[in-house]
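Participant: Have a peek at input.cif (mmCIF, C-alpha atoms).
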data_run
#
loop_
_atom_site.label_atom_id
_atom_site.label_comp_id
_atom_site.auth_asym_id
_atom_site.auth_seq_id
_atom_site.Cartn_x
_atom_site.Cartn_y
_atom_site.Cartn_z
CA MET V 276 0.00 0.00 0.00
CA VAL V 277 1.29 3.46 -0.93
CA LEU V 278 0.73 6.04 1.77
CA PRO V 279 -0.49 9.49 0.66
CA ALA V 280 2.13 12.20 0.43
CA PHE V 281 1.62 15.72 1.75
CA LEU V 282 3.43 18.62 0.15
CA GLY V 283 3.73 22.10 1.59
CA CYS V 284 4.08 23.77 4.93
CA GLY V 285 1.48 26.55 4.91
CA ASN V 286 -1.37 24.52 6.38
CA SER V 287 -0.76 21.02 7.73
CA PRO V 288 -3.46 18.31 7.58
CA ALA V 289 -4.23 18.94 11.25
CA GLN V 290 -4.98 22.60 10.48
CA TRP V 291 -6.70 21.90 7.16
CA THR V 292 -10.41 22.05 8.01
CA ASN V 293 -11.72 19.87 5.18
CA HIS V 294 -8.66 17.65 4.73
CA ASN V 295 -10.49 14.52 5.90
CA LYS V 296 -13.19 15.11 3.31
CA LEU V 297 -10.58 15.53 0.60
CA GLU V 298 -9.08 12.21 1.69
CA THR V 299 -12.52 10.58 1.46
CA ILE V 300 -13.06 11.95 -2.04
CA ALA V 301 -9.60 10.84 -3.18
CA PHE V 302 -10.23 7.35 -1.80
CA ALA V 303 -13.64 7.17 -3.54
CA ILE V 304 -12.14 8.20 -6.88
CA GLY V 305 -9.51 5.50 -6.47
CA VAL V 306 -12.16 2.88 -5.71
CA TYR V 307 -14.18 3.98 -8.75
CA ARG V 308 -11.07 3.60 -10.90
CA ASP V 309 -10.41 0.13 -9.48
CA ILE V 310 -13.97 -0.93 -10.34
CA PHE V 311 -14.31 0.64 -13.79
CA LYS V 312 -10.61 0.64 -14.78
CA GLU V 313 -10.67 4.40 -15.37
CA TYR V 314 -11.45 7.62 -13.53
CA PRO V 315 -15.04 8.82 -13.50
CA PRO V 316 -15.96 11.15 -16.35
CA ILE V 317 -15.71 14.77 -15.29
CA VAL V 318 -19.06 15.52 -16.86
CA VAL V 319 -21.76 13.51 -18.65
CA THR V 320 -23.74 14.98 -21.56
CA ASN V 321 -26.61 13.97 -23.82
CA ASP V 322 -26.85 13.92 -27.61
CA ALA V 323 -27.59 17.66 -27.58
CA GLU V 324 -24.29 18.21 -25.69
CA GLU V 325 -26.16 19.46 -22.63
CA SER V 326 -24.28 18.90 -19.38
CA LEU V 327 -26.28 16.48 -17.23
CA HIS V 328 -24.24 14.89 -14.44
CA SER V 329 -21.10 15.53 -12.42
CA TRP V 330 -18.36 13.17 -11.30
CA ARG V 331 -19.39 14.14 -7.76
CA VAL V 332 -22.69 12.31 -8.30
CA LEU V 333 -21.08 9.34 -10.04
CA ILE V 334 -18.82 8.47 -7.09
CA LEU V 335 -21.63 8.57 -4.50
CA PRO V 336 -21.71 4.75 -4.18
CA GLN V 337 -18.01 4.86 -3.32
CA ILE V 338 -18.72 7.24 -0.42
CA GLU V 339 -21.58 5.04 0.79
CA ALA V 340 -24.34 7.36 -0.41
CA ASN V 341 -26.10 4.60 -2.34
CA ASN V 342 -29.63 5.68 -1.44
CA PHE V 343 -29.14 9.11 -2.97
CA TYR V 344 -27.51 7.56 -6.03
CA ASP V 345 -30.43 5.15 -6.43
CA GLN V 346 -32.94 8.01 -6.15
CA TYR V 347 -31.10 10.19 -8.67
CA ASP V 348 -32.62 10.11 -12.17
CA PHE V 349 -29.87 9.80 -14.77
CA GLU V 350 -32.31 10.17 -17.65
CA THR V 351 -32.72 13.85 -16.86
CA ALA V 352 -30.33 16.61 -15.85
CA TRP V 353 -29.06 17.21 -12.33
CA ASN V 354 -31.50 20.14 -12.09
CA GLY V 355 -34.28 18.52 -14.12
CA GLU V 356 -37.81 18.14 -12.82
CA ARG V 357 -37.20 14.65 -11.42
CA ASN V 358 -34.06 15.71 -9.54
CA ILE V 359 -35.10 19.14 -8.24
CA ASP V 360 -36.09 17.95 -4.78
CA LEU V 361 -32.80 16.07 -4.49
CA ARG V 362 -30.95 19.20 -5.54
CA ASP V 363 -32.83 21.33 -3.03
CA GLY V 364 -32.60 18.75 -0.24
CA THR V 365 -36.37 18.46 0.17
CA ARG V 366 -36.97 14.83 -0.82
CA ARG V 367 -37.59 12.46 2.09
CA MET V 368 -37.48 8.69 2.46
CA ASP V 369 -39.08 6.28 4.88
CA SER V 370 -35.94 5.71 6.88
CA ASP V 371 -34.59 5.69 10.39
CA GLU V 372 -32.50 8.64 9.24
CA PRO V 373 -34.91 11.15 7.67
CA ASN V 374 -32.08 13.42 6.55
CA GLU V 375 -30.21 10.62 4.79
CA LEU V 376 -30.72 12.11 1.33
CA VAL V 377 -29.98 15.63 2.50
CA ASN V 378 -26.70 14.48 4.01
CA ALA V 379 -25.53 12.57 0.93
CA GLY V 380 -23.59 15.53 -0.45
CA ARG V 381 -22.19 16.64 2.90
CA VAL V 382 -18.73 15.38 1.97
CA TYR V 383 -18.53 18.12 -0.69
CA LEU V 384 -19.66 20.95 1.60
CA PRO V 385 -17.65 23.03 4.07
CA ASP V 386 -17.74 21.82 7.66
CA ASP V 387 -18.67 25.24 8.99
CA SER V 388 -21.67 25.64 6.66
CA PRO V 389 -23.46 22.27 6.64
CA ARG V 390 -26.69 23.65 5.17
CA MET V 391 -25.04 25.13 2.09
CA GLN V 392 -25.20 23.29 -1.23
CA GLU V 393 -22.10 24.96 -2.72
CA THR V 394 -19.26 22.49 -3.19
CA VAL V 395 -15.78 23.39 -2.04
CA PHE V 396 -14.29 20.56 -4.12
CA VAL V 397 -13.89 20.84 -7.89
CA ALA V 398 -11.93 18.89 -10.47
CA LEU V 399 -9.10 20.59 -12.33
CA VAL V 400 -9.45 20.11 -16.08
CA ASN V 401 -6.22 21.19 -17.74
CA GLY V 402 -7.09 20.45 -21.36
CA GLN V 403 -9.52 18.86 -23.75
CA LEU V 404 -11.53 15.91 -22.46
CA ARG V 405 -12.04 12.77 -24.51
CA GLU V 406 -15.56 11.58 -25.20
CA LYS V 407 -16.90 8.05 -25.06
CA GLU V 408 -20.05 6.26 -23.97
CA VAL V 409 -20.69 5.75 -20.30
CA ARG V 410 -23.28 3.31 -19.00
CA LEU V 411 -25.36 4.68 -16.17
CA PRO V 412 -28.40 3.22 -14.42
CA SER V 413 -31.14 2.87 -17.08
CA VAL V 414 -29.35 4.94 -19.74
CA THR V 415 -26.18 5.24 -21.84
CA GLN V 416 -24.83 8.76 -22.33
CA THR V 417 -21.59 10.51 -23.29
CA GLY V 418 -18.85 10.75 -20.70
CA HIS V 419 -16.13 13.38 -20.93
CA TYR V 420 -12.99 11.79 -19.52
CA LEU V 421 -9.50 12.96 -18.68
CA PRO V 422 -6.90 11.90 -21.27
CA PRO V 423 -5.16 8.57 -20.55
CA GLY V 424 -2.30 8.96 -18.11
CA GLU V 425 -3.48 12.31 -16.75
CA PRO V 426 -4.02 12.34 -12.98
CA PHE V 427 -7.34 13.29 -11.42
CA VAL V 428 -6.77 16.52 -9.49
CA VAL V 429 -9.33 17.87 -7.03
CA LEU V 430 -9.00 21.44 -5.78
CA GLU V 431 -10.45 22.68 -2.53
CA ILE V 432 -11.63 26.27 -2.93
CA LYS V 433 -13.42 28.47 -0.43
CA HIS V 434 -16.24 29.62 -2.72
CA SER V 435 -16.95 27.88 -6.01
CA GLY V 436 -20.43 29.14 -6.85
CA ILE V 437 -21.14 25.56 -7.96
CA HIS V 438 -23.83 23.28 -6.52
CA TRP V 439 -22.26 19.97 -5.53
CA MET V 440 -24.51 18.10 -8.02
CA GLU V 441 -23.81 20.56 -10.83
CA PRO V 442 -21.59 19.40 -13.72
CA ARG V 443 -19.16 22.32 -13.59
CA ASP V 444 -15.55 22.42 -12.49
CA VAL V 445 -12.42 24.52 -13.03
CA THR V 446 -10.47 24.83 -16.26
CA PRO V 447 -8.40 27.23 -18.32
CA PRO V 448 -10.71 29.28 -20.58
CA MET V 449 -12.18 26.82 -23.10
CA ASP V 450 -14.87 27.24 -25.74
CA ARG V 451 -16.34 23.84 -24.83
CA TYR V 452 -17.06 24.86 -21.22
CA PRO V 453 -17.51 28.65 -21.34
CA ASP V 454 -19.51 28.82 -18.10
CA TRP V 455 -16.87 27.03 -16.02
CA PRO V 456 -14.75 29.23 -13.73
CA SER V 457 -11.13 29.52 -14.79
CA VAL V 458 -8.10 28.76 -12.67
CA ASP V 459 -7.29 32.48 -12.54
CA GLU V 460 -10.78 33.27 -11.24
CA VAL V 461 -10.48 30.88 -8.29
CA ARG V 462 -6.77 31.27 -7.56
CA ASP V 463 -7.33 33.46 -4.50
CA GLN V 464 -9.89 30.96 -3.16
CA ILE V 465 -7.63 27.90 -3.29
CA VAL V 466 -7.06 26.08 0.01
CA GLY V 467 -5.31 22.93 -1.20
CA SER V 468 -5.59 19.97 -3.54
CA VAL V 469 -5.09 16.27 -4.04
CA GLU V 470 -3.64 14.52 -7.07
CA ILE V 471 -4.80 10.93 -7.59
CA GLY V 472 -2.32 9.12 -9.79
CA ASP V 473 -1.33 5.60 -10.78
CA GLY V 474 -1.84 2.81 -8.30
CA ASP V 475 -2.56 4.09 -4.81
CA THR V 476 -0.62 7.33 -5.31
CA ARG V 477 -2.26 10.34 -3.68
CA ILE V 478 -0.41 13.62 -3.35
CA PHE V 479 -1.95 16.22 -1.07
CA ARG V 480 -0.81 19.81 -1.52
CA ASP V 481 -1.47 22.80 0.68
CA ARG V 482 -2.26 26.19 -0.84
CA THR V 483 1.35 27.16 -1.53
CA ALA V 484 2.24 23.81 -3.09
CA THR V 485 -0.99 23.82 -5.14
CA LEU V 486 -0.23 27.25 -6.59
CA THR V 487 3.28 26.05 -7.47
CA TYR V 488 1.79 22.98 -9.14
CA LEU V 489 -0.65 25.11 -11.15
CA GLU V 490 2.21 27.36 -12.23
CA SER V 491 4.14 24.32 -13.45
CA LEU V 492 1.16 23.27 -15.58
CA THR V 493 1.07 26.73 -17.16
CA LYS V 494 4.75 26.50 -18.08
CA MET V 495 4.18 23.11 -19.73
CA GLU V 496 1.51 24.46 -22.10
#
As structure tokens, what does this structure read like?

Facilitator:
Amino acid sequence: MVLPAFLGCGNSPAQWTNHNKLETIAFAIGVYRDIFKEYPPIVVTNDAEESLHSWRVLILPQIEANNFYDQYDFETAWNGERNIDLRDGTRRMDSDEPNELVNAGRVYLPDDSPRMQETVFVALVNGQLREKEVRLPSVTQTGHYLPPGEPFVVLEIKHSGIHWMEPRDVTPPMDRYPDWPSVDEVRDQIVGSVEIGDGDTRIFRDRTATLTYLESLTKME
């Protein structure tokens, strides 16, 4: 087993408020990859190229949020009529835990604002995504995947303006995803990141190390 590495000195894991959640997300992405032999698609679209689903929804079974995943309707968009009450946290189930569905996305939300729906975790997309079919419950749609060999990088940012179910993340300015925030727009909000690579490799970076990493990507372009 390869232990996760931590890079940086600005904010240690003990001081990093949402570090445990970032570890959970990194682990879930790794489990998804082990099951499906590839990372989850960043975004899923339909034939009209409308963005429907986020990777954050696709890995819910790997963070033990199966009930929410089973209730989610993949035949419509994340904010479609049949998912609105899930999005708004108003759907209820006959369960010993009445807030089970409401709490499903808690891993993506800041600890100090548990009632917010704005994710503090977004994927970093550093270039064009490749398209191929992805089989989801009851439907086959188009998944937009990272290129082979590229690590899955999740940024923690203070304010994303993105609902945790929403298929939007962070990227350099791209015509394909014009409504996604750019790296420059969120730079001041960055808290840290994790890079999920080959095998069990997970590299956690604090804010300073993350900014250095982003700068290195810019120089490689």

Participant: Using the chain letters and numbers from this file, what does the PyMOL selection byres ((chain V and resi 416-427) around 9) select? Give the answer as number ranges by chain.

Facilitator: V: 301, 304, 313-322, 324, 350, 398-411, 414-415, 428-429, 469-473

Participant: Find the residue from V:Val466, V:Arg331, V:Asn358, V:Thr483 that sits nearest to Asp444 of chain V; use only C-alpha atoms when measuring.

Facilitator: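 Using only C-alpha atoms, the shortest distance to Asp444 of chain V belongs to V:Arg331.
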
Participant: Compare V:Leu492, V:Leu361, V:Met440, V:Ile432 by their minimum atom-to-atom distance to Asp463 of chain V, counting all atoms listed in the file, and give me the closest one.

Facilitator: V:Ile432

Participant: I need the output of the PyMOL selection byres ((chain V and resi 344) around 10) for this file as a PyMOL selection string; which residues are they?

Facilitator: chain V and resi 332-336+339-343+345-349+376+379+412

Participant: Using all atoms listed in the file, determine which residues lie at most 10 Å from Ile465 of chain V, disregarding the query and same-chain residues fewer than 2 positions distant; provide the list as an mmCIF file with C-alpha atoms, in the coordinates of the input.

Facilitator:
data_model
loop_
_atom_site.group_PDB
_atom_site.id
_atom_site.type_symbol
_atom_site.label_atom_id
_atom_site.label_comp_id
_atom_site.auth_asym_id
_atom_site.auth_seq_id
_atom_site.Cartn_x
_atom_site.Cartn_y
_atom_site.Cartn_z
ATOM 1 C CA VAL V 395 -15.780 23.390 -2.040
ATOM 2 C CA PHE V 396 -14.290 20.560 -4.120
ATOM 3 C CA LEU V 430 -9.000 21.440 -5.780
ATOM 4 C CA GLU V 431 -10.450 22.680 -2.530
ATOM 5 C CA ILE V 432 -11.630 26.270 -2.930
ATOM 6 C CA LYS V 433 -13.420 28.470 -0.430
ATOM 7 C CA HIS V 434 -16.240 29.620 -2.720
ATOM 8 C CA SER V 435 -16.950 27.880 -6.010
ATOM 9 C CA VAL V 458 -8.100 28.760 -12.670
ATOM 10 C CA VAL V 461 -10.480 30.880 -8.290
ATOM 11 C CA ARG V 462 -6.770 31.270 -7.560
ATOM 12 C CA ASP V 463 -7.330 33.460 -4.500
ATOM 13 C CA GLY V 467 -5.310 22.930 -1.200
ATOM 14 C CA SER V 468 -5.590 19.970 -3.540
ATOM 15 C CA ASP V 481 -1.470 22.800 0.680
ATOM 16 C CA ARG V 482 -2.260 26.190 -0.840
ATOM 17 C CA THR V 483 1.350 27.160 -1.530
ATOM 18 C CA THR V 485 -0.990 23.820 -5.140
ATOM 19 C CA LEU V 486 -0.230 27.250 -6.590
#

Participant: Pull the neighbourhood of (-8.6, 8.3, -0.7) for me: all residues within 10 Å in file coordinates, counting only C-alpha atoms, as a list in words.

Facilitator: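 Every polymer residue passing the test: Leu278, Pro279, Asn295, Lys296, Leu297, Glu298, Thr299, Ile300, Ala301, Phe302, Ala303, Ile304, Gly305, Val306, Val469, Ile471, Asp475, Thr476 and Arg477 of chain V.
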
Participant: Please report the interatomic distance between atom CA of Thr493 of chain V and atom CA of Trp455 of chain V in Å with one decimal.

Facilitator: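 Answer for the atom CA of Thr493 of chain V to atom CA of Trp455 of chain V separation: 18.0 Å.
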
Participant: Calculate how many Å separate atom CA of Ser326 of chain V from atom CA of Asn293 of chain V, rounding to one decimal.

Facilitator: 27.6 Å

Participant: In Å, rounded to a single decimal, give me how far atom CA of Gln392 of chain V is from atom CA of Gln337 of chain V.

Facilitator: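 Atom CA of Gln337 of chain V sits 19.9 Å away from atom CA of Gln392 of chain V.
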
Participant: Grab all the atoms of segment 405-413 of chain V that the file lists, wrap them in a box along x, y and z, add 6 Å per side, and give me centre plus edge lengths in Å (one decimal) as JSON.

Facilitator:
{"center_x": -21.6, "center_y": 7.8, "center_z": -19.8, "size_x": 31.1, "size_y": 21.9, "size_z": 22.8}
